[in-house]
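One structure is given below, encoded as structure tokens.
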Amino acid sequence: MKTVTRAPSGALERDTARARPAEQTRPGWRTGLAGAMKRYGPYAEAALGAVTAIGMLLTIWAALVYAPTDLIEGPVQRIFYIHVPMAWLAYLAFFLVAAASVMYLITRDDRWDWFARANAEIGAVFTTFVLITGSLWGKSFWGAWWVWDARLTTTLILWFIYVVYLVVRSFWGRTAQGARNAAVYGILAFFVVPINYEAVTWWRTLHPSEVLPLGGTPQLPPAMVIALLLSLGAFTLLFAFLLLQVYRLERAQATVERLRAQLEEE
Amino acid sequence: MGNMFLIASYAVLWVGLLVYIGWVALRMRGVQGEVETMRDLIAERERQAEARATKLAQSAKLTAQTASAAKTPKRQPGAPVAKAQRR
């Protein structure tokens with residue numbers, strides 16, 4: 001029989017609050033926060049969705065109208081404004097997978113596991129778009145859909161690693177053992193991210209080098225930097241919005257597993 | 001030519017994102033439906049168990065009453081009626 005991971009304290013407040021005796025509920029900032037989230041959560045989420053939509057429209061305008069056309073690459077350079085922010089956010093998602101995995105191994109709280117899973121899914125989706133948009137740019141600029149360049153190859157490896165993470169997780173099911181194994185996998189998988197980031201400096205590659213080097217001066221005109229930062233902001237909002245949705249989905253799926261186990265016990 | 005790839009990139013991204021958001025929403029709806037069905041099933045089982053327990057308690061009470069009635073001595077014909085029985 002499958003071992004269902006324990007229900008975390010406070011994770012399924014809505015499901016368990018009615019059943020919990022009054023003396024077990026701890027009044028304090030956590031209860032206050034949960035109450036505020038319950039009351040204002042839907043409004044905050046709607047506001048986040050609206051701001052994300054506005055940000056995305058602004059990004060399209062900035063990328064296609066505001067930013068100047070590149071003299072060498074021509075209009076196809078504008079792919080950069082969606083390709084680069086998505087790549088950075090995929091890195092962020094994979095970092096969050098590793099961080100949540102560490103937290104899961106320390107606390108054994110299922111919420112960290114759900115958070116890691118949600119980030120892995122969004123990171124894999126964003127990496128898919130990075131590969132597709134990069135391939136379209138490559139076909140236009142290099143004349144080839146794909147080259148076995150260090151950056152491209154390590155990105156493909158990164159994509160495979162996180163797709164395997166998701167496939168293996170659904171194969172393992174929602175067991176404590178599966179969550180533990182996935183946490184170790186999530187931590188080890190993150191080691192590919194710095195290799196992928198540094199690939200353009202460590203090896204001779206066709207891929208353009210960093211245009212906004214960490215701690216360095218931007219190698220772009222100010223209008224392009226503004227468009228890129230605006231796009232990064234909008235995509236970060238989109239990332240937050242998606243993370244909220246996928247995390248909630250993970251929580252609901254865990255509730256289903258718990259209820260199923262309860263029914264089987266009876 | 002460059003414009004074609006630019007349009008293709010933005011189209012793939014936006015269509016892809018919309019499909020992904022739709023897929024997440026569909027999965028959410030499916031899971032929520034499953035949660036509701038299971039909750040109903042659990043509530044139904046609890047109701048049935050409660051009804052069974054009430055029935056058991058009632059039948060136990062009835063058995064106890066019958067047993068106590070059987071224990072009380074039967075009045076012989078012509079014997080004087082006890083005070084309690086008269087009441």
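Ligands are numbered from 1 in the order shown, chains are lettered A, B, ... in the order of the structure tokens, and residues start at 1 in each chain.
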
At most 9 Å to chain B: residues in chain A, only C-alpha atoms, as a PDB file with all heavy atoms, in the first residue's frame:
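The new file iface26.pdb reads:
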ATOM      1  N   ILE A  60       5.189  44.092 -25.022  1.00  0.00           N
ATOM      2  CA  ILE A  60       5.053  43.975 -26.491  1.00  0.00           C
ATOM      3  C   ILE A  60       5.347  45.331 -27.136  1.00  0.00           C
ATOM      4  O   ILE A  60       6.077  45.423 -28.115  1.00  0.00           O
ATOM      5  CB  ILE A  60       3.640  43.455 -26.864  1.00  0.00           C
ATOM      6  CG1 ILE A  60       3.485  42.013 -26.364  1.00  0.00           C
ATOM      7  CG2 ILE A  60       3.407  43.522 -28.370  1.00  0.00           C
ATOM      8  CD1 ILE A  60       2.101  41.442 -26.549  1.00  0.00           C
ATOM      9  N   GLU A  73      21.651  42.754 -36.658  1.00  0.00           N
ATOM     10  CA  GLU A  73      20.704  41.630 -36.696  1.00  0.00           C
ATOM     11  C   GLU A  73      19.371  41.987 -37.346  1.00  0.00           C
ATOM     12  O   GLU A  73      18.640  41.103 -37.785  1.00  0.00           O
ATOM     13  CB  GLU A  73      20.446  41.112 -35.281  1.00  0.00           C
ATOM     14  CG  GLU A  73      21.660  40.458 -34.662  1.00  0.00           C
ATOM     15  CD  GLU A  73      21.373  39.921 -33.275  1.00  0.00           C
ATOM     16  OE1 GLU A  73      20.234  39.515 -33.001  1.00  0.00           O
ATOM     17  OE2 GLU A  73      22.298  39.928 -32.454  1.00  0.00           O
ATOM     18  N   GLY A  74      19.001  43.253 -37.335  1.00  0.00           N
ATOM     19  CA  GLY A  74      17.707  43.655 -37.880  1.00  0.00           C
ATOM     20  C   GLY A  74      16.573  43.369 -36.904  1.00  0.00           C
ATOM     21  O   GLY A  74      16.814  43.192 -35.708  1.00  0.00           O
ATOM     22  N   PRO A  75      15.332  43.295 -37.410  1.00  0.00           N
ATOM     23  CA  PRO A  75      14.184  43.142 -36.496  1.00  0.00           C
ATOM     24  C   PRO A  75      14.183  41.854 -35.685  1.00  0.00           C
ATOM     25  O   PRO A  75      13.588  41.797 -34.605  1.00  0.00           O
ATOM     26  CB  PRO A  75      12.965  43.190 -37.428  1.00  0.00           C
ATOM     27  CG  PRO A  75      13.483  43.072 -38.799  1.00  0.00           C
ATOM     28  CD  PRO A  75      14.918  43.442 -38.805  1.00  0.00           C
ATOM     29  N   VAL A  76      14.843  40.817 -36.172  1.00  0.00           N
ATOM     30  CA  VAL A  76      14.820  39.529 -35.458  1.00  0.00           C
ATOM     31  C   VAL A  76      15.500  39.632 -34.077  1.00  0.00           C
ATOM     32  O   VAL A  76      15.248  38.812 -33.190  1.00  0.00           O
ATOM     33  CB  VAL A  76      15.458  38.424 -36.343  1.00  0.00           C
ATOM     34  CG1 VAL A  76      16.979  38.467 -36.293  1.00  0.00           C
ATOM     35  CG2 VAL A  76      14.961  37.048 -35.928  1.00  0.00           C
ATOM     36  N   GLN A  77      16.297  40.683 -33.888  1.00  0.00           N
ATOM     37  CA  GLN A  77      16.965  40.875 -32.586  1.00  0.00           C
ATOM     38  C   GLN A  77      15.929  41.080 -31.474  1.00  0.00           C
ATOM     39  O   GLN A  77      16.209  40.833 -30.299  1.00  0.00           O
ATOM     40  CB  GLN A  77      17.910  42.080 -32.690  1.00  0.00           C
ATOM     41  CG  GLN A  77      18.738  42.373 -31.459  1.00  0.00           C
ATOM     42  CD  GLN A  77      18.040  43.341 -30.506  1.00  0.00           C
ATOM     43  OE1 GLN A  77      17.118  44.058 -30.876  1.00  0.00           O
ATOM     44  NE2 GLN A  77      18.490  43.336 -29.267  1.00  0.00           N
ATOM     45  N   ARG A  78      14.715  41.522 -31.859  1.00  0.00           N
ATOM     46  CA  ARG A  78      13.675  41.800 -30.863  1.00  0.00           C
ATOM     47  C   ARG A  78      13.201  40.535 -30.134  1.00  0.00           C
ATOM     48  O   ARG A  78      12.516  40.635 -29.125  1.00  0.00           O
ATOM     49  CB  ARG A  78      12.492  42.508 -31.525  1.00  0.00           C
ATOM     50  CG  ARG A  78      12.849  43.894 -32.014  1.00  0.00           C
ATOM     51  CD  ARG A  78      11.680  44.516 -32.744  1.00  0.00           C
ATOM     52  NE  ARG A  78      12.102  45.664 -33.535  1.00  0.00           N
ATOM     53  CZ  ARG A  78      12.191  46.906 -33.055  1.00  0.00           C
ATOM     54  NH1 ARG A  78      11.896  47.155 -31.821  1.00  0.00           N
ATOM     55  NH2 ARG A  78      12.579  47.890 -33.847  1.00  0.00           N
ATOM     56  N   ILE A  79      13.555  39.373 -30.640  1.00  0.00           N
ATOM     57  CA  ILE A  79      13.255  38.112 -29.943  1.00  0.00           C
ATOM     58  C   ILE A  79      13.949  38.110 -28.578  1.00  0.00           C
ATOM     59  O   ILE A  79      13.454  37.520 -27.613  1.00  0.00           O
ATOM     60  CB  ILE A  79      13.721  36.896 -30.804  1.00  0.00           C
ATOM     61  CG1 ILE A  79      12.857  36.758 -32.051  1.00  0.00           C
ATOM     62  CG2 ILE A  79      13.682  35.593 -30.006  1.00  0.00           C
ATOM     63  CD1 ILE A  79      13.309  35.664 -33.016  1.00  0.00           C
ATOM     64  N   ILE A  82      12.105  38.637 -25.246  1.00  0.00           N
ATOM     65  CA  ILE A  82      11.319  37.569 -24.602  1.00  0.00           C
ATOM     66  C   ILE A  82      12.225  36.392 -24.236  1.00  0.00           C
ATOM     67  O   ILE A  82      11.989  35.708 -23.251  1.00  0.00           O
ATOM     68  CB  ILE A  82      10.117  37.100 -25.475  1.00  0.00           C
ATOM     69  CG1 ILE A  82      10.561  36.700 -26.888  1.00  0.00           C
ATOM     70  CG2 ILE A  82       9.036  38.145 -25.503  1.00  0.00           C
ATOM     71  CD1 ILE A  82       9.459  36.074 -27.726  1.00  0.00           C
ATOM     72  N   VAL A 125       8.711  24.722 -18.483  1.00  0.00           N
ATOM     73  CA  VAL A 125       7.906  25.406 -19.523  1.00  0.00           C
ATOM     74  C   VAL A 125       8.691  26.593 -20.089  1.00  0.00           C
ATOM     75  O   VAL A 125       8.777  26.773 -21.311  1.00  0.00           O
ATOM     76  CB  VAL A 125       6.535  25.855 -18.941  1.00  0.00           C
ATOM     77  CG1 VAL A 125       5.817  26.800 -19.890  1.00  0.00           C
ATOM     78  CG2 VAL A 125       5.660  24.655 -18.660  1.00  0.00           C
ATOM     79  N   PHE A 129      10.244  27.413 -23.998  1.00  0.00           N
ATOM     80  CA  PHE A 129      10.095  28.637 -24.806  1.00  0.00           C
ATOM     81  C   PHE A 129      11.455  29.243 -25.155  1.00  0.00           C
ATOM     82  O   PHE A 129      11.628  29.787 -26.236  1.00  0.00           O
ATOM     83  CB  PHE A 129       9.220  29.664 -24.082  1.00  0.00           C
ATOM     84  CG  PHE A 129       7.774  29.279 -24.038  1.00  0.00           C
ATOM     85  CD1 PHE A 129       7.087  29.204 -22.840  1.00  0.00           C
ATOM     86  CD2 PHE A 129       7.082  28.972 -25.203  1.00  0.00           C
ATOM     87  CE1 PHE A 129       5.749  28.842 -22.794  1.00  0.00           C
ATOM     88  CE2 PHE A 129       5.742  28.608 -25.166  1.00  0.00           C
ATOM     89  CZ  PHE A 129       5.074  28.544 -23.959  1.00  0.00           C
ATOM     90  N   ILE A 132      12.743  27.225 -28.062  1.00  0.00           N
ATOM     91  CA  ILE A 132      12.011  27.478 -29.311  1.00  0.00           C
ATOM     92  C   ILE A 132      12.371  28.856 -29.881  1.00  0.00           C
ATOM     93  O   ILE A 132      12.713  28.981 -31.063  1.00  0.00           O
ATOM     94  CB  ILE A 132      10.480  27.350 -29.099  1.00  0.00           C
ATOM     95  CG1 ILE A 132      10.118  25.903 -28.745  1.00  0.00           C
ATOM     96  CG2 ILE A 132       9.711  27.798 -30.342  1.00  0.00           C
ATOM     97  CD1 ILE A 132       8.689  25.717 -28.274  1.00  0.00           C
ATOM     98  N   THR A 133      12.320  29.888 -29.017  1.00  0.00           N
ATOM     99  CA  THR A 133      12.608  31.239 -29.518  1.00  0.00           C
ATOM    100  C   THR A 133      14.081  31.358 -29.951  1.00  0.00           C
ATOM    101  O   THR A 133      14.387  32.009 -30.956  1.00  0.00           O
ATOM    102  CB  THR A 133      12.279  32.317 -28.458  1.00  0.00           C
ATOM    103  OG1 THR A 133      12.937  31.968 -27.241  1.00  0.00           O
ATOM    104  CG2 THR A 133      10.802  32.455 -28.211  1.00  0.00           C
ATOM    105  N   GLY A 134      14.959  30.682 -29.221  1.00  0.00           N
ATOM    106  CA  GLY A 134      16.381  30.690 -29.587  1.00  0.00           C
ATOM    107  C   GLY A 134      16.608  30.014 -30.932  1.00  0.00           C
ATOM    108  O   GLY A 134      17.406  30.481 -31.749  1.00  0.00           O
ATOM    109  N   LEU A 136      14.431  29.801 -33.370  1.00  0.00           N
ATOM    110  CA  LEU A 136      13.906  30.685 -34.425  1.00  0.00           C
ATOM    111  C   LEU A 136      14.904  31.803 -34.735  1.00  0.00           C
ATOM    112  O   LEU A 136      15.130  32.145 -35.893  1.00  0.00           O
ATOM    113  CB  LEU A 136      12.547  31.262 -34.006  1.00  0.00           C
ATOM    114  CG  LEU A 136      11.375  30.282 -34.104  1.00  0.00           C
ATOM    115  CD1 LEU A 136      10.196  30.757 -33.275  1.00  0.00           C
ATOM    116  CD2 LEU A 136      10.942  30.112 -35.555  1.00  0.00           C
ATOM    117  N   TRP A 137      15.510  32.336 -33.674  1.00  0.00           N
ATOM    118  CA  TRP A 137      16.525  33.388 -33.875  1.00  0.00           C
ATOM    119  C   TRP A 137      17.740  32.805 -34.611  1.00  0.00           C
ATOM    120  O   TRP A 137      18.277  33.425 -35.527  1.00  0.00           O
ATOM    121  CB  TRP A 137      16.936  33.954 -32.503  1.00  0.00           C
ATOM    122  CG  TRP A 137      17.997  35.000 -32.600  1.00  0.00           C
ATOM    123  CD1 TRP A 137      17.807  36.320 -32.825  1.00  0.00           C
ATOM    124  CD2 TRP A 137      19.410  34.810 -32.493  1.00  0.00           C
ATOM    125  NE1 TRP A 137      19.018  36.980 -32.863  1.00  0.00           N
ATOM    126  CE2 TRP A 137      20.017  36.065 -32.661  1.00  0.00           C
ATOM    127  CE3 TRP A 137      20.221  33.700 -32.270  1.00  0.00           C
ATOM    128  CZ2 TRP A 137      21.398  36.251 -32.614  1.00  0.00           C
ATOM    129  CZ3 TRP A 137      21.595  33.873 -32.220  1.00  0.00           C
ATOM    130  CH2 TRP A 137      22.173  35.137 -32.393  1.00  0.00           C
ATOM    131  N   LYS A 139      17.873  30.273 -36.663  1.00  0.00           N
ATOM    132  CA  LYS A 139      17.571  30.003 -38.083  1.00  0.00           C
ATOM    133  C   LYS A 139      17.686  31.289 -38.905  1.00  0.00           C
ATOM    134  O   LYS A 139      18.172  31.278 -40.037  1.00  0.00           O
ATOM    135  CB  LYS A 139      16.158  29.405 -38.197  1.00  0.00           C
ATOM    136  CG  LYS A 139      15.709  29.076 -39.603  1.00  0.00           C
ATOM    137  CD  LYS A 139      16.542  27.979 -40.242  1.00  0.00           C
ATOM    138  CE  LYS A 139      16.158  27.760 -41.694  1.00  0.00           C
ATOM    139  NZ  LYS A 139      17.160  26.988 -42.422  1.00  0.00           N
ATOM    140  N   SER A 140      17.225  32.395 -38.303  1.00  0.00           N
ATOM    141  CA  SER A 140      17.266  33.666 -39.024  1.00  0.00           C
ATOM    142  C   SER A 140      18.695  34.229 -39.098  1.00  0.00           C
ATOM    143  O   SER A 140      19.101  34.745 -40.135  1.00  0.00           O
ATOM    144  CB  SER A 140      16.345  34.657 -38.322  1.00  0.00           C
ATOM    145  OG  SER A 140      16.569  35.943 -38.797  1.00  0.00           O
ATOM    146  N   PHE A 141      19.466  34.132 -37.986  1.00  0.00           N
ATOM    147  CA  PHE A 141      20.777  34.785 -37.920  1.00  0.00           C
ATOM    148  C   PHE A 141      21.920  33.873 -38.340  1.00  0.00           C
ATOM    149  O   PHE A 141      22.839  34.305 -39.034  1.00  0.00           O
ATOM    150  CB  PHE A 141      20.991  35.313 -36.495  1.00  0.00           C
ATOM    151  CG  PHE A 141      22.093  36.315 -36.388  1.00  0.00           C
ATOM    152  CD1 PHE A 141      22.040  37.509 -37.095  1.00  0.00           C
ATOM    153  CD2 PHE A 141      23.190  36.085 -35.576  1.00  0.00           C
ATOM    154  CE1 PHE A 141      23.061  38.445 -36.998  1.00  0.00           C
ATOM    155  CE2 PHE A 141      24.209  37.017 -35.464  1.00  0.00           C
ATOM    156  CZ  PHE A 141      24.145  38.194 -36.181  1.00  0.00           C
ATOM    157  N   LEU A 242       1.826  32.404 -12.371  1.00  0.00           N
ATOM    158  CA  LEU A 242       1.792  30.977 -12.713  1.00  0.00           C
ATOM    159  C   LEU A 242       2.165  30.107 -11.512  1.00  0.00           C
ATOM    160  O   LEU A 242       1.551  29.065 -11.276  1.00  0.00           O
ATOM    161  CB  LEU A 242       2.753  30.683 -13.877  1.00  0.00           C
ATOM    162  CG  LEU A 242       2.331  31.187 -15.248  1.00  0.00           C
ATOM    163  CD1 LEU A 242       3.432  30.934 -16.265  1.00  0.00           C
ATOM    164  CD2 LEU A 242       1.059  30.498 -15.715  1.00  0.00           C
ATOM    165  N   GLN A 245      -0.745  29.639  -9.244  1.00  0.00           N
ATOM    166  CA  GLN A 245      -1.743  28.708  -9.788  1.00  0.00           C
ATOM    167  C   GLN A 245      -1.267  27.257  -9.665  1.00  0.00           C
ATOM    168  O   GLN A 245      -2.011  26.382  -9.237  1.00  0.00           O
ATOM    169  CB  GLN A 245      -2.040  29.001 -11.270  1.00  0.00           C
ATOM    170  CG  GLN A 245      -2.427  30.427 -11.590  1.00  0.00           C
ATOM    171  CD  GLN A 245      -3.613  30.895 -10.790  1.00  0.00           C
ATOM    172  OE1 GLN A 245      -4.585  30.170 -10.627  1.00  0.00           O
ATOM    173  NE2 GLN A 245      -3.531  32.092 -10.260  1.00  0.00           N
ATOM    174  N   VAL A 246      -0.011  27.028 -10.053  1.00  0.00           N
ATOM    175  CA  VAL A 246       0.496  25.648 -10.066  1.00  0.00           C
ATOM    176  C   VAL A 246       0.682  25.139  -8.634  1.00  0.00           C
ATOM    177  O   VAL A 246       0.412  23.981  -8.345  1.00  0.00           O
ATOM    178  CB  VAL A 246       1.799  25.535 -10.895  1.00  0.00           C
ATOM    179  CG1 VAL A 246       2.305  24.112 -10.938  1.00  0.00           C
ATOM    180  CG2 VAL A 246       1.565  26.019 -12.312  1.00  0.00           C
ATOM    181  N   ARG A 248      -1.157  25.997  -6.089  1.00  0.00           N
ATOM    182  CA  ARG A 248      -2.504  25.679  -5.609  1.00  0.00           C
ATOM    183  C   ARG A 248      -2.966  24.331  -6.175  1.00  0.00           C
ATOM    184  O   ARG A 248      -3.614  23.550  -5.494  1.00  0.00           O
ATOM    185  CB  ARG A 248      -3.469  26.792  -6.030  1.00  0.00           C
ATOM    186  CG  ARG A 248      -4.794  26.655  -5.327  1.00  0.00           C
ATOM    187  CD  ARG A 248      -5.742  27.700  -5.725  1.00  0.00           C
ATOM    188  NE  ARG A 248      -5.287  29.021  -5.323  1.00  0.00           N
ATOM    189  CZ  ARG A 248      -5.626  30.121  -5.953  1.00  0.00           C
ATOM    190  NH1 ARG A 248      -6.376  30.076  -7.009  1.00  0.00           N
ATOM    191  NH2 ARG A 248      -5.220  31.278  -5.527  1.00  0.00           N
ATOM    192  N   LEU A 249      -2.613  24.089  -7.427  1.00  0.00           N
ATOM    193  CA  LEU A 249      -2.950  22.809  -8.066  1.00  0.00           C
ATOM    194  C   LEU A 249      -2.265  21.652  -7.330  1.00  0.00           C
ATOM    195  O   LEU A 249      -2.891  20.621  -7.054  1.00  0.00           O
ATOM    196  CB  LEU A 249      -2.511  22.846  -9.533  1.00  0.00           C
ATOM    197  CG  LEU A 249      -2.766  21.614 -10.364  1.00  0.00           C
ATOM    198  CD1 LEU A 249      -4.253  21.378 -10.543  1.00  0.00           C
ATOM    199  CD2 LEU A 249      -2.107  21.735 -11.722  1.00  0.00           C
ATOM    200  N   ALA A 252      -4.081  21.031  -4.114  1.00  0.00           N
ATOM    201  CA  ALA A 252      -5.358  20.347  -4.341  1.00  0.00           C
ATOM    202  C   ALA A 252      -5.124  18.869  -4.654  1.00  0.00           C
ATOM    203  O   ALA A 252      -5.865  18.002  -4.181  1.00  0.00           O
ATOM    204  CB  ALA A 252      -6.107  21.026  -5.478  1.00  0.00           C
ATOM    205  N   GLN A 253      -4.075  18.585  -5.423  1.00  0.00           N
ATOM    206  CA  GLN A 253      -3.773  17.185  -5.744  1.00  0.00           C
ATOM    207  C   GLN A 253      -3.374  16.416  -4.487  1.00  0.00           C
ATOM    208  O   GLN A 253      -3.744  15.251  -4.332  1.00  0.00           O
ATOM    209  CB  GLN A 253      -2.674  17.113  -6.802  1.00  0.00           C
ATOM    210  CG  GLN A 253      -3.233  17.339  -8.201  1.00  0.00           C
ATOM    211  CD  GLN A 253      -2.177  17.508  -9.258  1.00  0.00           C
ATOM    212  OE1 GLN A 253      -1.012  17.753  -8.962  1.00  0.00           O
ATOM    213  NE2 GLN A 253      -2.579  17.400 -10.507  1.00  0.00           N
ATOM    214  N   THR A 255      -4.508  17.107  -1.512  1.00  0.00           N
ATOM    215  CA  THR A 255      -5.769  16.911  -0.785  1.00  0.00           C
ATOM    216  C   THR A 255      -6.503  15.689  -1.332  1.00  0.00           C
ATOM    217  O   THR A 255      -7.045  14.897  -0.560  1.00  0.00           O
ATOM    218  CB  THR A 255      -6.657  18.175  -0.917  1.00  0.00           C
ATOM    219  OG1 THR A 255      -5.886  19.310  -0.582  1.00  0.00           O
ATOM    220  CG2 THR A 255      -7.871  18.096  -0.021  1.00  0.00           C
ATOM    221  N   VAL A 256      -6.507  15.558  -2.661  1.00  0.00           N
ATOM    222  CA  VAL A 256      -7.161  14.404  -3.288  1.00  0.00           C
ATOM    223  C   VAL A 256      -6.520  13.109  -2.790  1.00  0.00           C
ATOM    224  O   VAL A 256      -7.218  12.160  -2.411  1.00  0.00           O
ATOM    225  CB  VAL A 256      -7.077  14.495  -4.832  1.00  0.00           C
ATOM    226  CG1 VAL A 256      -7.448  13.173  -5.485  1.00  0.00           C
ATOM    227  CG2 VAL A 256      -7.994  15.575  -5.349  1.00  0.00           C
ATOM    228  N   LEU A 259      -7.596  12.450   0.823  1.00  0.00           N
ATOM    229  CA  LEU A 259      -8.983  11.992   0.917  1.00  0.00           C
ATOM    230  C   LEU A 259      -9.116  10.559   0.404  1.00  0.00           C
ATOM    231  O   LEU A 259      -9.864   9.760   0.961  1.00  0.00           O
ATOM    232  CB  LEU A 259      -9.906  12.932   0.133  1.00  0.00           C
ATOM    233  CG  LEU A 259     -10.076  14.337   0.711  1.00  0.00           C
ATOM    234  CD1 LEU A 259     -10.896  15.199  -0.225  1.00  0.00           C
ATOM    235  CD2 LEU A 259     -10.751  14.293   2.075  1.00  0.00           C
ATOM    236  N   ARG A 260      -8.355  10.260  -0.659  1.00  0.00           N
ATOM    237  CA  ARG A 260      -8.391   8.907  -1.219  1.00  0.00           C
ATOM    238  C   ARG A 260      -7.894   7.899  -0.178  1.00  0.00           C
ATOM    239  O   ARG A 260      -8.485   6.843   0.015  1.00  0.00           O
ATOM    240  CB  ARG A 260      -7.535   8.851  -2.484  1.00  0.00           C
ATOM    241  CG  ARG A 260      -7.796   7.617  -3.311  1.00  0.00           C
ATOM    242  CD  ARG A 260      -7.109   7.702  -4.637  1.00  0.00           C
ATOM    243  NE  ARG A 260      -7.756   8.639  -5.538  1.00  0.00           N
ATOM    244  CZ  ARG A 260      -7.138   9.310  -6.514  1.00  0.00           C
ATOM    245  NH1 ARG A 260      -5.838   9.167  -6.676  1.00  0.00           N
ATOM    246  NH2 ARG A 260      -7.798  10.112  -7.312  1.00  0.00           N
ATOM    247  N   GLN A 262      -7.960   8.311   3.020  1.00  0.00           N
ATOM    248  CA  GLN A 262      -8.975   8.256   4.077  1.00  0.00           C
ATOM    249  C   GLN A 262     -10.088   7.291   3.689  1.00  0.00           C
ATOM    250  O   GLN A 262     -10.544   6.493   4.502  1.00  0.00           O
ATOM    251  CB  GLN A 262      -9.542   9.666   4.285  1.00  0.00           C
ATOM    252  CG  GLN A 262     -10.236   9.868   5.611  1.00  0.00           C
ATOM    253  CD  GLN A 262     -10.726  11.300   5.747  1.00  0.00           C
ATOM    254  OE1 GLN A 262     -10.071  12.226   5.273  1.00  0.00           O
ATOM    255  NE2 GLN A 262     -11.859  11.475   6.355  1.00  0.00           N
ATOM    256  N   LEU A 263     -10.504   7.362   2.420  1.00  0.00           N
ATOM    257  CA  LEU A 263     -11.571   6.472   1.932  1.00  0.00           C
ATOM    258  C   LEU A 263     -11.117   5.017   1.936  1.00  0.00           C
ATOM    259  O   LEU A 263     -11.896   4.124   2.286  1.00  0.00           O
ATOM    260  CB  LEU A 263     -11.973   6.880   0.517  1.00  0.00           C
ATOM    261  CG  LEU A 263     -12.992   7.998   0.417  1.00  0.00           C
ATOM    262  CD1 LEU A 263     -13.120   8.466  -1.010  1.00  0.00           C
ATOM    263  CD2 LEU A 263     -14.347   7.546   0.924  1.00  0.00           C
ATOM    264  N   GLU A 266     -11.200   3.577   5.435  1.00  0.00           N
ATOM    265  CA  GLU A 266     -12.547   3.261   5.896  1.00  0.00           C
ATOM    266  C   GLU A 266     -13.057   1.999   5.213  1.00  0.00           C
ATOM    267  O   GLU A 266     -13.767   1.227   5.713  1.00  0.00           O
ATOM    268  CB  GLU A 266     -13.489   4.420   5.610  1.00  0.00           C
ATOM    269  CG  GLU A 266     -13.289   5.570   6.589  1.00  0.00           C
ATOM    270  CD  GLU A 266     -14.034   6.821   6.181  1.00  0.00           C
ATOM    271  OE1 GLU A 266     -14.832   6.751   5.229  1.00  0.00           O
ATOM    272  OE2 GLU A 266     -13.822   7.863   6.803  1.00  0.00           O
TER     273      GLU A 266
END

All residues 9 Å or closer to Leu48 (chain A), only C-alpha atoms, same chain fewer than 4 positions away omitted, as a list in words: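 The residues that qualify are Tyr43, Ala44, Thr52, Ala53, Leu237, Leu238, Ala240 and Phe241 of chain A.
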
Print the selection's residues with N, CA and C atoms to a file, as an mmCIF file, in the first residue's frame.
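File result.cif, as written:
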data_model
loop_
_atom_site.group_PDB
_atom_site.id
_atom_site.type_symbol
_atom_site.label_atom_id
_atom_site.label_comp_id
_atom_site.auth_asym_id
_atom_site.auth_seq_id
_atom_site.Cartn_x
_atom_site.Cartn_y
_atom_site.Cartn_z
ATOM 1 N N TYR A 43 -8.647 38.822 -4.169
ATOM 2 C CA TYR A 43 -8.496 40.177 -4.737
ATOM 3 C C TYR A 43 -7.044 40.410 -5.161
ATOM 4 N N ALA A 44 -6.116 39.959 -4.285
ATOM 5 C CA ALA A 44 -4.686 40.134 -4.577
ATOM 6 C C ALA A 44 -4.315 39.360 -5.841
ATOM 7 N N THR A 52 -0.148 41.804 -14.408
ATOM 8 C CA THR A 52 0.656 40.982 -15.330
ATOM 9 C C THR A 52 0.215 41.219 -16.775
ATOM 10 N N ALA A 53 -1.109 41.245 -16.992
ATOM 11 C CA ALA A 53 -1.620 41.458 -18.351
ATOM 12 C C ALA A 53 -1.185 42.817 -18.886
ATOM 13 N N LEU A 237 6.312 38.987 -13.091
ATOM 14 C CA LEU A 237 4.924 38.975 -12.608
ATOM 15 C C LEU A 237 4.193 37.744 -13.140
ATOM 16 N N LEU A 238 4.429 37.433 -14.405
ATOM 17 C CA LEU A 238 3.806 36.249 -15.008
ATOM 18 C C LEU A 238 4.266 34.985 -14.276
ATOM 19 N N ALA A 240 5.271 34.787 -11.165
ATOM 20 C CA ALA A 240 4.625 34.752 -9.837
ATOM 21 C C ALA A 240 3.180 34.270 -9.965
ATOM 22 N N PHE A 241 2.481 34.771 -10.981
ATOM 23 C CA PHE A 241 1.076 34.397 -11.203
ATOM 24 C C PHE A 241 0.964 32.891 -11.483
#

Might you pull out every residue within 10 Å of Ala99 (chain A), with only C-alpha atoms counted and same-chain residues fewer than 4 positions away left off, and present them as number ranges by chain? A: 93-95, 103-104, 112, 115-116, 183, 186-187, 190

Please produce a file of the residues just selected, as a compact mmCIF listing (two decimals), in the first residue's frame, where the atoms kept are N, CA and C atoms.
# COMPACT_ATOMS: atom_id res chain seq x y z
N ALA A 93 13.65 29.77 -11.29
CA ALA A 93 12.77 28.64 -10.95
C ALA A 93 13.61 27.44 -10.49
N PHE A 94 14.71 27.18 -11.18
CA PHE A 94 15.54 26.03 -10.82
C PHE A 94 16.27 26.27 -9.49
N PHE A 95 16.62 27.53 -9.24
CA PHE A 95 17.21 27.86 -7.93
C PHE A 95 16.19 27.62 -6.83
N MET A 103 14.96 22.89 1.98
CA MET A 103 14.02 23.16 3.07
C MET A 103 13.16 21.92 3.37
N TYR A 104 12.80 21.19 2.32
CA TYR A 104 12.00 19.98 2.54
C TYR A 104 12.80 18.95 3.33
N TRP A 112 6.95 22.62 1.10
CA TRP A 112 8.20 22.86 0.35
C TRP A 112 8.27 21.95 -0.87
N PHE A 115 6.04 23.36 -3.51
CA PHE A 115 6.67 24.56 -4.06
C PHE A 115 7.76 24.16 -5.06
N ALA A 116 8.56 23.17 -4.70
CA ALA A 116 9.64 22.70 -5.59
C ALA A 116 9.05 22.15 -6.88
N ALA A 183 13.80 15.62 -3.77
CA ALA A 183 14.52 16.75 -3.15
C ALA A 183 16.02 16.62 -3.43
N GLY A 186 16.54 17.39 -7.06
CA GLY A 186 16.39 18.83 -7.30
C GLY A 186 17.62 19.62 -6.91
N ILE A 187 18.28 19.18 -5.82
CA ILE A 187 19.50 19.88 -5.37
C ILE A 187 20.65 19.59 -6.36
N PHE A 190 20.52 21.35 -9.84
CA PHE A 190 20.83 22.79 -9.91
C PHE A 190 22.29 23.05 -10.31
